[in-house]
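Participant: Can you read through this structure? Questions will come right after.
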Amino acid sequence: MDGAWTAAAVRRAEAQLMATLPPGTLMQRAAAGLAAECAALLKEQRSTRTERAGVYGATVTVLAGPGDNGGDALFAAARLARRGARVFAVPVMGGRVHPVAAAALTRAGGRLVAESPRRCDLLLDGVLGIGGRPGLPGRAIDQLARLDAGTVVAVDVPSGVDVDTGAVPASAVTADTTVAFGSRKPCHVLGRAALLTGRLVLVDIGLGPHLDPNPAVRVAGETDIAQWWHRPGPDDDKYTRGVVGVAAGSDRYPGAAVLATAGALAGPAGYVRYAGGASDAVRRSHPEVVCTPTVKEAGRVQAWLAGPGFGTDEAALGELRSVLVSPAPVVLDADALTLIGEYPSVLSRREAPVVLTPHDREYERLYGSPPSEDRGAAAAALAKRLNCTVLLKGHHTVVASSDGAVWANPTGRPQLATAGSGDVLAGFMASLLASGMDGVRAAVAAAFLHGRAGGAAAAGHRTVTASDVARALPGAVGEVLTAARS
Ligand SMILES: NC(=O)C1=CN([C@@H]2O[C@H](COP(=O)(O)OP(=O)(O)OC[C@H]3O[C@@H](n4cnc5c(N)ncnc54)[C@H](OP(=O)(O)O)[C@@H]3O)[C@@H](O)[C@H]2O)[C@@H](O)CC1
Ligand SMILES: [K+]
């Protein structure tokens with residue numbers, strides 16, 4: 001399991017590592033990695049001035065803040081200047097810049113200027129790093145407004161964001177690439193800051209062994225998911241692989257039922273039962289699903305999904321109660337969340353695991369106020385209050401357990417914000433629960449694989465539908481299980 005560490009945790013690890021190294025070593029490691037990434041980016045794009053790609057002749061502008069983040073940027077820019085780049089560094093906090101790094105840049109042929117040319121091939125954001133408070137100094141805002149950059153590279157973090165939460169309460173840099181040193185920070189994976197991060201490149205500076213084994217935010221990878229996966233053995237049959245029940249849709253809204261069962265069929269469970277008013281549509285799309293009109297008639301299942309498109313009337317509330325009295329773990333989505341918001345007591349006597357999958361408006365119905373910009377804390381607060389696992393949807397989906405652990409999903413894609421894609425996710429997650437995965441792992445793994453499937457579906461189509469995502473899920477599963485084995 002990988003993760004993201006707060007500024008304080010990074011500083012603690014840095015202090016331990018620095019005690020073993022000559023002064024300045026870490027900054028040189030950071031600058032070398034940063035310069036290498038900038039050179040690679042410049043090789044990919046033609047210079048607006050010379051019409052040639054590469055470092056030689058490229059125009060590089062550095063926005064340099066007062067601390068070590070500016071120091072990293074200036075040392076990296078000195079390396080680029082030595083390879084023939086035209087480098088202009090603009091101090092954005094009066095004359096306060098890292099003095100040794102600024103001297104290195106001028107020795108390499110770079111210039112410290114009050115104003116750089118308007119157009120540059122690469123803009124290095126070295127305004128603020130992990131020592132920054134949210135918001136940008138006015139001079140940085142002015143420069144960002146007037147510069148026209150081929151590509152923007154943030155040094156360690158996009159300046160201006162709240163490093164520890166991913167909130168962006170004031171002005172901040174929007175990067176195409178962020179080159180981070182030693183570890184991810186929460187702003188790279190959470191909230192609006194994760195969007196401003198762009199592509200994340202991690203530079204290893206040797207911090208790993210010194211980082212606290214418990215990161216502030218956990219980030220699952222292929223190996224984790226493969227380890228959690230229940231692989232059927234020779235003695236398994238369709239029942240021992242898990243039976244998943246889907247209570248979704250209605251005769252008026254059959255689509256949600258079809259998509260949720262499609263998600264459930266793409267998971268590891270051996271058998272899918274459907275309970276609700278859209279049996280005909282479900283049977284037509286998925287003849288392998290066994291359909292009954294109500295939850296009580298469905299028989300035993302190892303996990304339920306309840307909610308997508310099943311309405312919020314008395315009958316729906318009755319079906320939700322029937323699901324919640326069963327001893328099986330449940331995923332509650334869409335209309336079930338609205339009902340829980342209105343009748344929170346239906347959850348109160350429940351002991352088996354519950355996963356809630358709200359988007360922001362559903363979160364507000366459940367919590368009483370919209371999620372704060374600190375989305376990890378927001379998800380954790382709801383999880384604690386309702387004693388459930390919470391998957392808070394967004395461009396960067398977050399999962400929180402009732403004991404406060406927060407997971408950020410690294411595979412989210414804006415294309416997944418398509419109608420019905422949440423139904424597929426919820427059905428797939430219920431299948432993971434039915435196969436024996438616990439609530440938090442099922443939520444984390446489902447978000448990860450759903451994101452991967454969305455990516456795969458987007459590669460072949462201009463617009464991605466929820467059905468495309470469901471069809472791509474088995475492939476995404478196969479890819480993750482194979483990659484983790486090799
Ligand atoms: N840790 C590691 O392992 C390694 C770290 N490295 C690098 O060091 C970076 C951290 O450097 P850092 O500690 O010098 O802090 P940094 O972010 O440059 O700025 C602090 C300065 O900004 C100011 N200031 C703050 N907020 C402000 C605002 N909103 N608006 C205006 N000003 C503001 C604040 O001034 P103050 O107002 O507090 O007096 C202070 O002077 C880190 O991100 C990485 O790049 C690598 O070299 C190697 C390994
Ligand atoms: K920065």
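Just so we're on the same page: first chain in the structure tokens is A, next is B, and so on; residues restart at 1 for each chain, and ligands are numbered from 1 in the order they show up.
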I'd like to know which residues of stretch 31-175 of chain A are alpha helix (DSSP H) (by DSSP, run on the backbone); could you write them as JSON, numbers by chain?
Facilitator: {"A": [31, 32, 33, 34, 35, 36, 37, 38, 39, 40, 41, 42, 43, 44, 68, 69, 70, 71, 72, 73, 74, 75, 76, 77, 78, 79, 80, 81, 82, 99, 100, 101, 102, 103, 104, 105, 106, 107, 138, 139, 140, 141, 142, 143, 144, 145, 146]}
Participant: Counting only C-alpha atoms and all ligand atoms, what are the residues of chain A within 9 Å of ligand 2, and for each of them which pair of atoms is the nearest and at what distance in Å, to one decimal? Sort the table by chain and rising number, as JSON lines.
Facilitator:
```
{"residue": "A:Leu63", "atom": "CA", "partner": "ligand 2", "partner_atom_place_in_ligand_line": "1 (K)", "distance": 8.9}
{"residue": "A:Ala64", "atom": "CA", "partner": "ligand 2", "partner_atom_place_in_ligand_line": "1 (K)", "distance": 8.8}
{"residue": "A:Gly65", "atom": "CA", "partner": "ligand 2", "partner_atom_place_in_ligand_line": "1 (K)", "distance": 8.5}
{"residue": "A:Asn69", "atom": "CA", "partner": "ligand 2", "partner_atom_place_in_ligand_line": "1 (K)", "distance": 6.2}
{"residue": "A:Gly70", "atom": "CA", "partner": "ligand 2", "partner_atom_place_in_ligand_line": "1 (K)", "distance": 7.6}
{"residue": "A:Ala73", "atom": "CA", "partner": "ligand 2", "partner_atom_place_in_ligand_line": "1 (K)", "distance": 8.4}
{"residue": "A:Leu124", "atom": "CA", "partner": "ligand 2", "partner_atom_place_in_ligand_line": "1 (K)", "distance": 8.0}
{"residue": "A:Asp125", "atom": "CA", "partner": "ligand 2", "partner_atom_place_in_ligand_line": "1 (K)", "distance": 4.9}
{"residue": "A:Gly126", "atom": "CA", "partner": "ligand 2", "partner_atom_place_in_ligand_line": "1 (K)", "distance": 4.3}
{"residue": "A:Val127", "atom": "CA", "partner": "ligand 2", "partner_atom_place_in_ligand_line": "1 (K)", "distance": 5.1}
{"residue": "A:Leu128", "atom": "CA", "partner": "ligand 2", "partner_atom_place_in_ligand_line": "1 (K)", "distance": 4.5}
{"residue": "A:Gly129", "atom": "CA", "partner": "ligand 2", "partner_atom_place_in_ligand_line": "1 (K)", "distance": 4.8}
{"residue": "A:Ile130", "atom": "CA", "partner": "ligand 2", "partner_atom_place_in_ligand_line": "1 (K)", "distance": 8.3}
{"residue": "A:Gly132", "atom": "CA", "partner": "ligand 2", "partner_atom_place_in_ligand_line": "1 (K)", "distance": 8.7}
{"residue": "A:Val153", "atom": "CA", "partner": "ligand 2", "partner_atom_place_in_ligand_line": "1 (K)", "distance": 8.4}
{"residue": "A:Ala154", "atom": "CA", "partner": "ligand 2", "partner_atom_place_in_ligand_line": "1 (K)", "distance": 4.9}
{"residue": "A:Val155", "atom": "CA", "partner": "ligand 2", "partner_atom_place_in_ligand_line": "1 (K)", "distance": 4.2}
{"residue": "A:Asp156", "atom": "CA", "partner": "ligand 2", "partner_atom_place_in_ligand_line": "1 (K)", "distance": 5.5}
{"residue": "A:Val157", "atom": "CA", "partner": "ligand 2", "partner_atom_place_in_ligand_line": "1 (K)", "distance": 4.7}
{"residue": "A:Pro158", "atom": "CA", "partner": "ligand 2", "partner_atom_place_in_ligand_line": "1 (K)", "distance": 4.8}
{"residue": "A:Ser159", "atom": "CA", "partner": "ligand 2", "partner_atom_place_in_ligand_line": "1 (K)", "distance": 4.3}
{"residue": "A:Gly160", "atom": "CA", "partner": "ligand 2", "partner_atom_place_in_ligand_line": "1 (K)", "distance": 8.0}
{"residue": "A:Val173", "atom": "CA", "partner": "ligand 2", "partner_atom_place_in_ligand_line": "1 (K)", "distance": 8.1}
{"residue": "A:Thr178", "atom": "CA", "partner": "ligand 2", "partner_atom_place_in_ligand_line": "1 (K)", "distance": 8.3}
```
Participant: Nearest to A:Ala303 among A:Cys291, A:Leu433, A:Leu382, A:Leu320, with distances taken over only C-alpha atoms: which residue is it?
Facilitator: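 Looking only at the distances to A:Ala303, the closest residue turns out to be A:Leu433.
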Participant: Which residues are close to stretch 194-207 of chain A, i.e. within 7 Å by only C-alpha atoms, leaving aside same-chain residues fewer than 5 positions away? Reply as a list in words.
Facilitator: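 Answer for this query is Ala13, Glu14, Leu17, Leu26, Arg29, Ala30, Gly33, Pro158, Gly166, Val173, Thr174, Ala175, Asp176, Thr177, Thr178, Val179, Ala180, Phe181, Gly182, Ser183, Cys187, His188 and Val189 of chain A.
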Participant: Of the candidates A:Leu112, A:Ala247, A:Leu259, A:Val290, which one gets nearest to A:Gly311 if we count only C-alpha atoms?
Facilitator: A:Ala247
Participant: Looking at A:Gly427, A:Gly110, A:Gly277, A:Pro329, which one is nearest to A:Ala85, with distances taken over only C-alpha atoms?
Facilitator: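 Nearest candidate to A:Ala85 out of A:Gly427, A:Gly110, A:Gly277, A:Pro329: A:Gly110.
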Participant: Could you pull out the residues in stretch 108-305 of chain A that DSSP calls strand (DSSP E or B) from the backbone, as a ChimeraX atom specification?
Facilitator: /A:111-112,119-126,148-155,177-181,184,199-203,217-219,243-247,271-275,290-292,303-305
Participant: Of the residues A:Asp235, A:Asp374, A:Asp360, A:Asp121, which is the one nearest to A:Val406, using only C-alpha atoms?
Facilitator: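 Using only C-alpha atoms, the shortest distance to A:Val406 belongs to A:Asp374.
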Participant: For ligand 1, which residue out of A:Leu122, A:Cys38, A:Leu136, A:Met1 is the nearest one, using only C-alpha atoms and all ligand atoms?
Facilitator: A:Leu136
Participant: Work out how far apart atom CA of A:Gly109 and atom CA of A:Ala31 are and give it in Å to one decimal.
Facilitator: 16.9 Å
Participant: Would you list the contacts of A:Asp164 as a ChimeraX atom specification, taking every protein, DNA or RNA residue within 12 Å and counting only C-alpha atoms, but skipping same-chain residues closer than 2 positions in sequence?
Facilitator: /A:4-10,129-134,157,160-162,166-168,184-191,193-194,215-217,373-377
Participant: Using N, CA and C atoms, can you export the residues from the last selection as a compact mmCIF listing (two decimals), in the first residue's frame?
Facilitator:
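After the write, result-v2.txt holds the following:
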```
# COMPACT_ATOMS: atom_id res chain seq x y z
N ALA A 4 0.07 9.03 0.96
CA ALA A 4 0.43 10.44 0.88
C ALA A 4 0.70 10.91 2.30
N TRP A 5 1.79 11.65 2.46
CA TRP A 5 2.21 12.08 3.80
C TRP A 5 2.08 13.60 3.95
N THR A 6 1.72 14.04 5.14
CA THR A 6 1.56 15.47 5.40
C THR A 6 2.93 16.16 5.40
N ALA A 7 2.90 17.50 5.33
CA ALA A 7 4.14 18.28 5.35
C ALA A 7 4.95 17.96 6.62
N ALA A 8 4.28 17.86 7.76
CA ALA A 8 4.99 17.60 9.02
C ALA A 8 5.65 16.22 8.98
N ALA A 9 4.94 15.23 8.45
CA ALA A 9 5.51 13.88 8.39
C ALA A 9 6.70 13.84 7.43
N VAL A 10 6.61 14.59 6.32
CA VAL A 10 7.72 14.65 5.37
C VAL A 10 8.92 15.31 6.04
N GLY A 129 6.32 25.47 -1.51
CA GLY A 129 6.29 24.01 -1.41
C GLY A 129 5.55 23.62 -0.14
N ILE A 130 6.13 22.66 0.58
CA ILE A 130 5.41 22.17 1.77
C ILE A 130 5.46 23.17 2.92
N GLY A 131 6.21 24.25 2.76
CA GLY A 131 6.20 25.30 3.80
C GLY A 131 5.17 26.39 3.48
N GLY A 132 4.40 26.21 2.43
CA GLY A 132 3.48 27.26 2.00
C GLY A 132 2.14 27.21 2.70
N ARG A 133 1.62 28.39 3.00
CA ARG A 133 0.21 28.47 3.42
C ARG A 133 -0.63 28.67 2.17
N PRO A 134 -1.94 28.30 2.21
CA PRO A 134 -2.75 28.43 1.00
C PRO A 134 -2.78 29.87 0.47
N VAL A 157 4.73 20.73 -5.14
CA VAL A 157 3.26 20.86 -5.07
C VAL A 157 2.86 22.06 -5.93
N GLY A 160 0.16 27.38 -3.65
CA GLY A 160 -1.11 28.01 -3.29
C GLY A 160 -2.12 27.05 -2.69
N VAL A 161 -1.93 25.73 -2.91
CA VAL A 161 -2.92 24.77 -2.39
C VAL A 161 -2.65 24.49 -0.91
N ASP A 162 -3.64 23.92 -0.25
CA ASP A 162 -3.43 23.45 1.12
C ASP A 162 -2.81 22.05 1.03
N GLY A 166 -5.64 19.16 0.42
CA GLY A 166 -6.08 19.23 -0.97
C GLY A 166 -7.11 20.33 -1.21
N ALA A 167 -7.42 21.12 -0.18
CA ALA A 167 -8.34 22.25 -0.39
C ALA A 167 -7.62 23.35 -1.16
N VAL A 168 -8.40 24.15 -1.89
CA VAL A 168 -7.82 25.29 -2.61
C VAL A 168 -8.67 26.51 -2.26
N ARG A 184 4.25 11.26 -2.14
CA ARG A 184 3.06 12.06 -2.43
C ARG A 184 2.69 12.82 -1.18
N LYS A 185 2.01 13.95 -1.38
CA LYS A 185 1.38 14.68 -0.28
C LYS A 185 -0.13 14.63 -0.51
N PRO A 186 -0.96 14.83 0.53
CA PRO A 186 -2.40 14.72 0.32
C PRO A 186 -2.93 15.59 -0.82
N CYS A 187 -2.32 16.78 -1.05
CA CYS A 187 -2.82 17.66 -2.11
C CYS A 187 -2.69 17.04 -3.50
N HIS A 188 -1.83 16.02 -3.64
CA HIS A 188 -1.68 15.39 -4.97
C HIS A 188 -2.83 14.45 -5.28
N VAL A 189 -3.53 14.00 -4.26
CA VAL A 189 -4.55 12.95 -4.48
C VAL A 189 -5.95 13.33 -4.00
N LEU A 190 -6.08 14.47 -3.32
CA LEU A 190 -7.38 14.83 -2.75
C LEU A 190 -7.87 16.18 -3.27
N GLY A 191 -9.18 16.25 -3.43
CA GLY A 191 -9.85 17.54 -3.64
C GLY A 191 -9.43 18.27 -4.90
N ALA A 193 -7.10 20.38 -5.30
CA ALA A 193 -5.66 20.44 -5.51
C ALA A 193 -5.17 19.30 -6.39
N ALA A 194 -5.83 18.15 -6.28
CA ALA A 194 -5.42 17.00 -7.11
C ALA A 194 -5.64 17.31 -8.59
N PRO A 215 0.60 6.38 6.46
CA PRO A 215 0.44 7.67 5.78
C PRO A 215 -0.87 8.34 6.17
N ALA A 216 -0.96 9.65 5.98
CA ALA A 216 -2.20 10.38 6.29
C ALA A 216 -3.32 9.90 5.38
N VAL A 217 -2.97 9.62 4.13
CA VAL A 217 -3.96 9.16 3.16
C VAL A 217 -3.37 7.91 2.50
N GLU A 373 -14.11 21.38 1.81
CA GLU A 373 -13.07 21.21 0.78
C GLU A 373 -12.03 20.18 1.21
N ASP A 374 -11.95 19.92 2.50
CA ASP A 374 -11.08 18.85 3.00
C ASP A 374 -11.89 17.56 2.87
N ARG A 375 -11.83 16.96 1.69
CA ARG A 375 -12.77 15.88 1.38
C ARG A 375 -12.46 14.60 2.16
N GLY A 376 -11.19 14.41 2.51
CA GLY A 376 -10.84 13.25 3.33
C GLY A 376 -11.51 13.36 4.69
N ALA A 377 -11.40 14.53 5.32
CA ALA A 377 -12.00 14.74 6.63
C ALA A 377 -13.53 14.68 6.53
```
Participant: Can you work out the spacing between atom CA of A:Trp229 and atom CA of A:Gly436 in Å, to one decimal?
Facilitator: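 So the two atoms, atom CA of A:Trp229 and atom CA of A:Gly436, lie 8.9 Å apart.
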Participant: One number please: atom CA of A:Lys393 to atom CA of A:Ala334, in Å, one decimal.
Facilitator: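 That distance, rounded to one decimal, is 11.7 Å.
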Participant: Give me the residues within 10 Å of A:Asp280 as a PyMOL selection string, counting only C-alpha atoms and dropping any in the same chain fewer than 6 places off.
Facilitator: chain A and resi 251+254+258+286-287+291
Participant: So which one's closest to A:Glu479, A:Pro327, A:Leu211, A:Thr223, A:Met437? Using only C-alpha atoms, please.
Facilitator: A:Thr223
